[in-house]
Amino acid sequence: MVKAEFLHHVGVNYLFAPWISWLLLLQSAPFVAPKTATYLILWWLFAVPVVALDVKIYGQWFTKGKRFLSTVANPTSQLSVIGNLVGAQAAAHMGWKESAVCLFSLGDAPGVASLAWESIVGAFDTLSKMLFFLSLFLFMSLVCRPTLFRRSMRRFNVAWWAYSFPVTVLALASTDYAQEVKGTISHILMLLLLALSVLVSFALTVFTLLNSKMLLPDNDPLQACSLVNSFINREQ
């Protein structure tokens with residue numbers, strides 16, 4: 001199954017998800033302090049696969065031409081960007097400014113970039129605010145166009161979980177913004193986004209539990225893609 005997902009142009013992007021999750025858990029773990037040997041080892045363990053996947057995906061884009069990129073580019077491609085920024089944020093907590101800037105330069109998803117840049121410079125400065133406002137603008141632009149999601153929302157799909165991450169990151173960025181600005185409007189915005197994040201995550205959990213059979217379907221398209229590739233290779 002992992003091999004099939006690695007060879008699939010959409011599925012390969014989801015291989016970033018576990019490493020992103022572990023990097024986030026590493027930063028939030030109360031028993032693992034930054035600048036300790038344990039934190040350092042775990043950071044290397046989680047960050048190296050992200051960079052390796054970057055090399056694999058971006059290498060294909062650069063070597064196979066624009067036609068290949070136009071074929072495989074899809075919304076899940078942003079997961080590679082998010083992985084780089086989460087890794088940069090974790091590196092900044094250790095005080096590794098150069099490594100953090102290096103990983104930050106590989107990705108630019110505004111919501112996560114806002115938090116990553118704050119970790120690098122040590123303050124929610126003007127650039128962090130600009131990235132936060134850009135993320136908020138993009139979020140509102142999509143929310144104001146519900147027809148874009150009408151077809152994909154007709155029936156539950158595991159891919160719906162992709163909606164939870166940007167909302168959650170935007171909510172986290174809004175908390176740092178509210179702490180920096182200390183205004184009524186910023187705190188109201190923070191509470192609204194946090195409530196929306198919790199509501200989306202809770203709803204997705206309920207829908208997933210009600211449709212648990214879809215997690216490992218018999219007609220897995222990734223597995224089918226792997227079988228087709230194997231058949232083509234044998235024919236050649």
# chains A, B, ... in the order shown; residues from 1 in each chain; ligands from 1
>>> residues_around(residues="region 40-49 of chain A", least_positions_apart="2", cutoff="8 Å", atoms="only C-alpha atoms", output="list in words")
Trp19, Ile20, Trp22, Leu23, Leu26, Pro34, Lys35, Thr36, Ala37, Thr38, Val51, Ala52, Leu53, Gly87, Ala90, Ala91 and Met94 of chain A
>>> write_last_selection(atoms="C-alpha atoms", output="PDB file, in the first residue's frame")
ATOM      1  CA  TRP A  19       6.008  13.579   9.455  1.00  0.00           C
ATOM      2  CA  ILE A  20       4.138  16.893   9.704  1.00  0.00           C
ATOM      3  CA  TRP A  22       5.075  14.231  14.446  1.00  0.00           C
ATOM      4  CA  LEU A  23       6.905  17.538  14.033  1.00  0.00           C
ATOM      5  CA  LEU A  26       7.348  17.358  18.993  1.00  0.00           C
ATOM      6  CA  PRO A  34      13.996  22.302  22.834  1.00  0.00           C
ATOM      7  CA  LYS A  35      17.809  22.324  22.726  1.00  0.00           C
ATOM      8  CA  THR A  36      17.960  18.860  24.289  1.00  0.00           C
ATOM      9  CA  ALA A  37      19.502  15.758  22.727  1.00  0.00           C
ATOM     10  CA  THR A  38      16.130  14.018  22.537  1.00  0.00           C
ATOM     11  CA  VAL A  51      13.492  16.818   2.679  1.00  0.00           C
ATOM     12  CA  ALA A  52      13.854  13.436   0.941  1.00  0.00           C
ATOM     13  CA  LEU A  53      10.271  13.625  -0.313  1.00  0.00           C
ATOM     14  CA  GLY A  87      10.258  21.668  10.071  1.00  0.00           C
ATOM     15  CA  ALA A  90      10.775  23.138  14.975  1.00  0.00           C
ATOM     16  CA  ALA A  91      14.373  24.014  14.014  1.00  0.00           C
ATOM     17  CA  MET A  94      16.192  24.669  18.928  1.00  0.00           C
TER      18      MET A  94
END
>>> select_by_dssp(residues="region 79-140 of chain A", states="helix (DSSP H, G or I)", output="PyMOL selection string")
chain A and resi 79-94+97-105+110-121+126-140
>>> atom_distance(atom1="CA of Leu191 (chain A)", atom2="CA of Met140 (chain A)")
16.1 Å
>>> closest_residue(among="A:His93, A:Ser135, A:Pro18, A:Val158", to="Ser212 (chain A)", atoms="only C-alpha atoms")
A:Val158
>>> atom_distance(atom1="CA of Phe202 (chain A)", atom2="CA of Thr147 (chain A)")
23.0 Å
>>> atom_distance(atom1="CA of Lys97 (chain A)", atom2="CA of Val121 (chain A)")
8.5 Å
>>> closest_residue(among="A:Tyr39, A:Phe31, A:Phe207, A:Tyr14", to="Phe156 (chain A)", atoms="only C-alpha atoms")
A:Phe207
